[in-house]
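Engineer: Just passing along the structure, written as structure tokens.
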Amino acid sequence: MQLIFKKLEIQNFRVYGGKQEIIFSTDKEKHVTLVHAENSTGKTTMLNAIKWCLYGKADEFKDQESLVNNRSGKTTCSVRLNFSFDDIDYTAYRTYSQQYKGDRTFTLEKIVNGNNTPISDAETVINRFLPRDLSNYFLFAGEHLTGRLGRGEVNKKAIRDILGFNLPETALKDLNKILKKFKSEKNRILSDIDELAQDARQEKILQEEIDEYEKEIIKINSSITKYEEIRDINQKKIAESNHDKAKTLQEQIKDKQKQLNDEEVIKKELSIKRIRLISEYGHIIFGKKLSEVALDFLQEERQRIPAPYDQRFVNQLLSENTCICGRELTEGSNEYSLVQALVSRGNTDTISHRVNKARSIGDYVTAQAERFLEELKDIESNLTRVENKISTYEQTKSRLDNELNNIDNEDISEFKKQYDLADQKISILNQKLGQINSEKKNIKLSLEKVQARLRQDSHGSSVSKEIDKQIKITEKCIERITTQLHKTEIASIRKIEEIVQKNLNDILRKKFKVSLHSDYTFEQIEETGNVIRDTGEGQALLMNLSFLTALIAHSKTRASSSSEFFMPGTIAPFVIDSPFGQMDQVYRKGTLSFLPKQSHQLILFLSSGQWDSGYEEIIGNYIGRRYILINHSSTNIKDGDIESLTIKGKKFELTKIDDNMSQTTIEDISDA
Amino acid sequence: MPDNENIREIMMEAHENLSDEYDSLIKNILAIELSSNNRVEGEASRQKKIQALIQQFSAEAI
């Protein structure tokens with residue numbers, strides 16, 4: 001993620017009149033571009049022109065109106081910045097028109113094989129290349145870098161972004177949100193499982209109730225068996241007694257009872273047959289009624305539906321020119337027209353087909369209904385017959401019972417009494433059994449419903465287990481990335497600390513230890529252990545510059561090593577206006593020594609007061625391109641006031657008297 | 001203070017720690033983050049992809 005500035009074109013922008021351009025050095029060895037100028041001639045403007053072009057804002061340009069050079073006579077200004085990002089060329093272009101207030105345009109184009117392709121959402125893409133918050137760490141004025149760096153969350157985030165930590169950090173944020181989603185899904189399933197638990201409890205209760213009923217049924221059946229034995233014993237006693245009449249009556253009662261039982265079975269079978277017949281064919285009765293109405297209609301309206309005249313038959317009469325009555329049908333005659341009119345009302349094949357189909361359905365329904373009624377009638381008649389038989393048998397049995405009861409014999413009376421009591425008990429128990437079976441059937445139905453729900457919910461339970469797995473995996477990923485991030489951040493901090501320490505060891509007169517904290521604030525500690533509280537502006541600037549270059553240098557090293565864990569950090573050119581601020585000569589030399597070594601592209605704006613011919617030895621080998629800004633003044637300037645700069649023994653005038661212009665121009669002195 | 005070699009070792013160790021079964025999962029998550037970052041993709045769409053990745057990993061895990 002390396003950004004390299006290639007060329008800046010400024011047109012009618014602030015102090016710059018007409019079109020001015022500067023080509024930045026992109027040579028790997030000689031990657032420094034120096035811009036010399038007097039104060040107030042456009043150094044800071046050039047720095048801010050880059051910021052304005054990229055972001056549409058620059059702190060110094062609060063008044064947009066003043067962006068256009070007021071001496072150029074133009075109402076529009078523009079800045080174009082050509083750059084490469086990850087070895088792909090781009091051109092960013094921003095304009096401002098005074099005429100149409102607020103009318104600013106910004107375009108970003110990708111350059112491939114000399115062809116420009118516009119990029120949509122240009123502002124977003126620029127912020128991806130170099131976020132605006134981060135740009136202050138690369139494009140800045142030395143005077144603004146005397147405060148403490150690394151304070152606050154914004155700075156911390158910017159530094160972590162430069163180090164390329166934003167990729168795993170975003171992953172952590174995403175994973176935490178996903179974890180929250182998984183947990184909320186899990187809670188939802190748990191509440192379903194709560195219902196599942198309720199169903200499970202309900203199943204247990206219902207099953208226990210059924211078990212109770214079954215125990216009761218066994219008990220009743222056992223009682224019935226017991227009473228049946230008593231009844232049979234007493235019946236047998238009567239049958240084996242010496243009382244002939246009682247024996248005969250007993251035999252007859254037994255036969256009647258058998259007949260009664262047989263008829264009861266038949267009655268039950270007939271009742272079941274009747275229910276089945278009605279449930280299967282009952283609906284046909286309604287169809288029968290409708291079919292009868294439809295068939296009656298078809299029958300009554302036979303003169304019209306289907307039409308009395310078959311279309312084909314009428315057409316045949318017309319083609320043969322002879323009516324059915326034998327009269328001649330001459331085309332155009334009144335008779336011909338009358339017969340022809342019948343065709344429109346004639347019966348077509350489609351109508352015939354539909355009517356026949358309707359008739360056939362109607363006939364089928366009627367036949368089915370009649371069959372149903374016949375079968376039902378048959379069952380009803382059999383039922384009546386069986387019920388009559390049962391009634392007769394009951395009467396006979398009742399009479400025989402009475403006769404047996406009236407026999408004047410103590411033993412027989414006792415046997416009969418025991419028999420009747422047992423029979424009565426059996427009857428009561430059978431009733432109770434029927435009731436219990438019916439209740440058991442209802443409970444069994446409820447149990448089946450609950451069990452069906454439980455089968456369905458067991459699927460929910462397996463989903464819950466799966467979500468548990470997903471939660472564990474997500475937590476593990478979070479833990480791993482956090483650990484990895486922490487380890488790498490600590491290693492990065494130690495490395496940056498080491499680079500800063502080395503930079504300062506070479507420069508500072510007094511030895512002290514640099515301590516960089518996890519929040520990226522740093523302290524200078526004397527050998528005695530005292531923390532240096534007030535370092536002075538010069539030293540603070542030196543420290544901050546050293547920290548920033550160390551940060552970028554480390555980020556650059558890491559970007560070159562392929563890591564799938566960290567995104568390559570953002571590396572942009574250092575563009576520094578007046579880097580030395582309040583530094584003394586020693587600090588300036590030291591700064592000039594480490595700055596080019598620890599950056600991939602360095603653009604420095606220096607006033608002539610900040611330049612010393614002795615610096616040439618330190619930075620000279622890194623300088624790829626060099627410019628001076630010339631201040632054209634229309635007012636009279638005495639020769640002694642003309643500012644000049646001597647570079648490698650050659651004198652360059654930085655001020656020129658020009659009646660026609662009062663503005664700044666850029667001059668390339670790279671060959672000096 | 002650790003020297004350059006130590007720093008490299010710490011970085012390598014941190015990287016090697018990912019070499020088990022979670023290695024490819026985390027790399028794939030980060031690949032989604034990287035490609036989303038390059039395409040300025042929305043947060044919801046990115047999270048949906050990561051969630052699907054975790055669910056797939058979970059389904060394939062023994």
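Naming scheme: A, B, ... for chains in displayed order of the structure tokens; residues 1 onward per chain; ligands 1 onward as shown.
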For chain A against chain B, which residues fall within 7 Å using only C-alpha atoms, given as a PyMOL selection string?

Structural biologist: chain A and resi 167-168+171+174+178+469-470+477+484+487-488+491+564-565

Engineer: Quick one: everything within 7 Å of range 14-30 of chain A, counting only C-alpha atoms, minus sequence neighbours fewer than 6 positions away in the same chain. Send it as a JSON list (two decimals) with C-alpha atoms, in the first residue's frame.

Structural biologist:
[["chain", "number", "residue", "atom", "x", "y", "z"],
["A", 5, "PHE", "CA", 3.67, 11.39, -5.64],
["A", 6, "LYS", "CA", 4.79, 12.00, -9.23],
["A", 7, "LYS", "CA", 3.76, 15.44, -10.39],
["A", 8, "LEU", "CA", 1.86, 18.46, -9.09],
["A", 42, "GLY", "CA", 4.12, 29.58, -1.49],
["A", 66, "SER", "CA", -9.28, 33.27, -1.94],
["A", 67, "LEU", "CA", -8.23, 30.06, -3.65],
["A", 68, "VAL", "CA", -8.17, 31.74, -7.07],
["A", 69, "ASN", "CA", -5.11, 33.88, -7.76],
["A", 72, "SER", "CA", -4.35, 36.29, -12.76],
["A", 621, "ASN", "CA", 23.27, 12.16, -2.29],
["A", 622, "TYR", "CA", 19.54, 11.64, -1.73],
["A", 623, "ILE", "CA", 18.34, 14.68, -3.70],
["A", 624, "GLY", "CA", 16.69, 13.68, -7.00],
["A", 625, "ARG", "CA", 14.98, 16.96, -7.88],
["A", 663, "GLN", "CA", 2.98, 36.15, -8.00],
["A", 664, "THR", "CA", 5.07, 33.01, -7.51],
["A", 665, "THR", "CA", 6.60, 30.78, -10.14],
["A", 666, "ILE", "CA", 8.43, 27.49, -9.81]]

Engineer: Write out as a count of residues only each polymer residue whose atoms come within 12 Å of Lys273 in chain A, counting only C-alpha atoms; drop sequence neighbours fewer than 6 positions from it.

Structural biologist: 12

Engineer: Check the DSSP output for the backbone and give back, as a PDB file with N, CA and C atoms, in the first residue's frame, the residues of range 284-439 of chain A in strand (DSSP E or B).

Structural biologist:
ATOM      1  N   ASP A 310     -79.017 -29.790 -35.582  1.00  0.00           N
ATOM      2  CA  ASP A 310     -77.600 -30.104 -35.634  1.00  0.00           C
ATOM      3  C   ASP A 310     -76.978 -29.280 -36.759  1.00  0.00           C
ATOM      4  N   THR A 322     -82.560 -28.415 -50.443  1.00  0.00           N
ATOM      5  CA  THR A 322     -83.881 -29.026 -50.226  1.00  0.00           C
ATOM      6  C   THR A 322     -84.168 -29.081 -48.739  1.00  0.00           C
ATOM      7  N   GLU A 328     -88.123 -26.629 -52.010  1.00  0.00           N
ATOM      8  CA  GLU A 328     -86.837 -26.241 -52.592  1.00  0.00           C
ATOM      9  C   GLU A 328     -86.279 -25.027 -51.849  1.00  0.00           C
ATOM     10  N   ASN A 347     -76.579 -26.902 -32.975  1.00  0.00           N
ATOM     11  CA  ASN A 347     -75.756 -27.622 -31.998  1.00  0.00           C
ATOM     12  C   ASN A 347     -74.405 -27.995 -32.621  1.00  0.00           C
TER      13      ASN A 347
END
